[in-house]
Amino acid sequence: MHCRNGDREAFATLVRKYQSKVLTLATRILDSRSEAEDIAQDIFVKIFQSLHDFRGASRFSTWLYRIAVNHCLNHLRRRTRQQQTLVMTDAAEWTQESQASNPYRTLEQKERWVLVQAKLQELSLEHRTIILLRDFEGLSYDEIADVLQLESGTVKSRLHRARMELKALLEPYLAGEG
Amino acid sequence: MECQTVREHLSAYLDHDLPLAMRALFDRHLAHCPPCRRTLAQLQTMTAWVRDFPPLEPSPLFLQQVTTRVDHLAKRSVPLLFRRFFGAFPTQMAAALVLVVSATLLWRMAPDIWQEQQVHPTVQSEPWMSGESTLAPTVEAPAVEPLFEEALPTPLPLVQAPLQRPAFTTREEPLRMVRDVSARPIWAGLPSEGRAGEFAFFPSIILRAADPVQTTQQVWEIVPRFGGALLQAQGMATPAARKARGPVNVTFSLPASRYQALLDAVRQLPNTSVAEERMAFFGREWSPGAAGGLRHLNYAQATTPPQMTLVITILPR
């Protein structure tokens, strides 16, 4: 509410609270750490501009995710449409950063991040997004339905298809499981 | 229960989204079906891998950059209260804008009408006023100009140039918006898919010219080549204004798609330079969520080229 009244300090608190989540989600969707940082800035500016539209019908975090996801997807589609040069996967970049923040991460874990991120990029945008919202962000089916503006039944079926597709891509690496 | 049925619902099982009775059936099946159990285990591992992604921290300057952009935007943007009001009553505000423009046009046209009236001031339509009658004197019609002048409030010019402090969102904000809408300003983006938001662009150009009146005439001549039409001129209607060689305002309607081409042509005019480009932005940004989830709004599908209003101000050098 303070943010809606133009309170800059309250808005700064909001940015601090959600910046990591928004940046991480944008990085996973866009597959580019450097690009995601710019997009995350755009998202917060857009959120600031749209705060007066937030009616409280859904949770604030859900509303924020909706703006973030839509902005990322629009950006990605524009990037595809404009046939820009392929953005290099800079998984190594975020791996290095994570290593710096936690030196105890094992090499195997880092390789897995790169692997899963690469396989996620092979999914369609819709499938990638729904997996990230559910399995990475931990949103409920209803919240995902709210973010993606889908029926709850569609969320379930799409999530199932997305997971099965990712599982098929990761099959060689999951062979030892079960 | 068949393996196929189980596998179709494994994702829901994983999320504990099955009714209890069904979950019990699944448990029984999984206890005796190694292939389904393996598939479930692989799904569990896979979701754990996704969940294990490390959170990323933005650069130390991230917050500062965001707040700087927001502050910059707020300074140059339409006041929040206005935006709220406009957001609540977009149609009414658009109607009010049309009224203001119409009133301004009437105001500008009015002097010509009065002049015509003054040429034939005597009303001869009544028989008793003919020269043959001696009962009623010939009266001249009262001068209507002062009354009319008092009745109408003085309209504000659409653009007061040069503005010390822009009243609307200017250069940077619209350029960002323009990038979103296929690299050109769009009048009230209304794609076929429905409401994309209520926003409208009002571009204005400020020119510096050695002879504002001459430049205005040149602009006047080239605008029709781009499908535009003159709506209003201010500052060169009277001989006194022309002689004063003060600022001139001309307002055109123009297909939005021809705006850049016209601007390029204006840049080519002799003894004239484009001092500033402004873009007034009314309304709020379209909300992708409200417009239908993740669907892409293709502005290029707009069937008719949208018209926009362009104000050109020509200042003496």
# chains A, B, ... in the order shown; residues from 1 in each chain; ligands from 1
>>> closest_atom_pairs(of="chain B", to="chain A", cutoff="8 Å", atoms="only C-alpha atoms", output="CSV")
residue,atom,partner,partner_atom,distance
B:Glu8,CA,A:His160,CA,7.6
B:His9,CA,A:His160,CA,7.7
B:Leu10,CA,A:His160,CA,7.9
B:Ser11,CA,A:His160,CA,5.4
B:Ala12,CA,A:Lys156,CA,7.2
B:Arg37,CA,A:Gly178,CA,6.8
B:Arg38,CA,A:Gly178,CA,4.3
B:Thr39,CA,A:Gly178,CA,7.3
B:Leu40,CA,A:Gly178,CA,7.8
B:Ala41,CA,A:Gly178,CA,5.0
B:Gln42,CA,A:Glu177,CA,5.7
B:Leu43,CA,A:Lys167,CA,6.7
B:Thr45,CA,A:Glu177,CA,7.4
B:Met46,CA,A:Lys167,CA,6.9
B:Thr47,CA,A:Asp135,CA,5.8
B:Ala48,CA,A:Asp135,CA,7.7
B:Trp49,CA,A:Val116,CA,7.4
B:Val50,CA,A:Phe136,CA,5.7
B:Arg51,CA,A:Phe136,CA,4.5
B:Asp52,CA,A:Phe136,CA,7.6
B:Phe53,CA,A:Trp113,CA,6.3
B:Pro54,CA,A:Ser98,CA,6.7
B:Pro55,CA,A:Thr24,CA,5.8
B:Leu56,CA,A:Thr24,CA,5.2
B:Glu57,CA,A:Ser20,CA,5.2
B:Pro58,CA,A:Ser20,CA,6.5
B:Phe62,CA,A:Gln41,CA,7.5
B:Leu63,CA,A:Val15,CA,6.8
B:Gln65,CA,A:Gln41,CA,7.7
B:Val66,CA,A:Gln41,CA,5.7
B:Thr67,CA,A:Ala12,CA,7.1
B:Arg69,CA,A:Val45,CA,7.2
B:Val70,CA,A:Val45,CA,6.1
B:Arg84,CA,A:His52,CA,7.1
B:Glu285,CA,A:Ser50,CA,7.9
B:Pro288,CA,A:Asn70,CA,6.6
B:Gly289,CA,A:Gln149,CA,6.6
B:Gly292,CA,A:Gln149,CA,6.8
B:Gly293,CA,A:Gln149,CA,4.6
B:Leu294,CA,A:Asn70,CA,6.4
B:His296,CA,A:Asn74,CA,7.2
>>> write_last_selection(atoms="C-alpha atoms", output="PDB file, in the first residue's frame")
ATOM      1  CA  GLU B   8      -0.978 -40.359 -16.736  1.00  0.00           C
ATOM      2  CA  HIS B   9      -1.502 -39.237 -13.162  1.00  0.00           C
ATOM      3  CA  LEU B  10       1.979 -39.644 -11.742  1.00  0.00           C
ATOM      4  CA  SER B  11       2.566 -35.925 -11.890  1.00  0.00           C
ATOM      5  CA  ALA B  12      -0.525 -35.272  -9.777  1.00  0.00           C
ATOM      6  CA  ARG B  37       7.870 -47.172  -9.424  1.00  0.00           C
ATOM      7  CA  ARG B  38      10.971 -46.410 -11.462  1.00  0.00           C
ATOM      8  CA  THR B  39       9.158 -43.755 -13.470  1.00  0.00           C
ATOM      9  CA  LEU B  40       7.951 -42.140 -10.260  1.00  0.00           C
ATOM     10  CA  ALA B  41      11.448 -42.188  -8.800  1.00  0.00           C
ATOM     11  CA  GLN B  42      12.850 -40.566 -11.918  1.00  0.00           C
ATOM     12  CA  LEU B  43      10.212 -37.848 -11.764  1.00  0.00           C
ATOM     13  CA  THR B  45      14.711 -36.962  -8.851  1.00  0.00           C
ATOM     14  CA  MET B  46      14.095 -34.674 -11.791  1.00  0.00           C
ATOM     15  CA  THR B  47      11.894 -32.264  -9.845  1.00  0.00           C
ATOM     16  CA  ALA B  48      14.486 -32.283  -7.058  1.00  0.00           C
ATOM     17  CA  TRP B  49      17.139 -31.297  -9.577  1.00  0.00           C
ATOM     18  CA  VAL B  50      15.033 -28.385 -10.797  1.00  0.00           C
ATOM     19  CA  ARG B  51      14.309 -27.345  -7.215  1.00  0.00           C
ATOM     20  CA  ASP B  52      18.031 -27.473  -6.494  1.00  0.00           C
ATOM     21  CA  PHE B  53      18.818 -24.610  -8.857  1.00  0.00           C
ATOM     22  CA  PRO B  54      20.781 -22.001  -6.898  1.00  0.00           C
ATOM     23  CA  PRO B  55      19.097 -18.642  -6.328  1.00  0.00           C
ATOM     24  CA  LEU B  56      20.908 -15.832  -8.108  1.00  0.00           C
ATOM     25  CA  GLU B  57      21.770 -12.513  -6.568  1.00  0.00           C
ATOM     26  CA  PRO B  58      21.688  -9.411  -8.752  1.00  0.00           C
ATOM     27  CA  PHE B  62      20.716  -3.469  -9.211  1.00  0.00           C
ATOM     28  CA  LEU B  63      18.535  -1.768  -6.612  1.00  0.00           C
ATOM     29  CA  GLN B  65      19.559   1.255 -11.000  1.00  0.00           C
ATOM     30  CA  VAL B  66      15.920   0.302 -10.555  1.00  0.00           C
ATOM     31  CA  THR B  67      15.173   3.148  -8.171  1.00  0.00           C
ATOM     32  CA  ARG B  69      14.858   4.540 -13.363  1.00  0.00           C
ATOM     33  CA  VAL B  70      11.709   4.770 -11.280  1.00  0.00           C
ATOM     34  CA  ARG B  84      -5.256   6.813 -11.656  1.00  0.00           C
ATOM     35  CA  GLU B 285       0.236   0.196 -20.210  1.00  0.00           C
ATOM     36  CA  PRO B 288      -0.836  -8.972 -20.766  1.00  0.00           C
ATOM     37  CA  GLY B 289      -2.586 -10.923 -18.028  1.00  0.00           C
ATOM     38  CA  GLY B 292      -5.546 -13.275 -22.181  1.00  0.00           C
ATOM     39  CA  GLY B 293      -2.675 -14.924 -20.476  1.00  0.00           C
ATOM     40  CA  LEU B 294       0.386 -15.628 -22.490  1.00  0.00           C
ATOM     41  CA  HIS B 296       1.050 -12.734 -27.973  1.00  0.00           C
TER      42      HIS B 296
END
>>> closest_residue(among="B:Thr216, B:Ser102, B:Ala261, B:Gln268", to="Leu231 in chain B", atoms="only C-alpha atoms")
B:Ser102
>>> atom_distance(atom1="CA of Thr251 in chain B", atom2="CA of Gly228 in chain B")
10.0 Å
>>> closest_residue(among="A:Glu165, A:Cys72, A:Lys119, A:Ile47", to="Tyr18 in chain A", atoms="only C-alpha atoms")
A:Ile47
>>> closest_residue(among="A:Ala57, A:Leu125, A:Leu133, A:Leu76", to="Ile39 in chain A", atoms="only C-alpha atoms")
A:Leu76
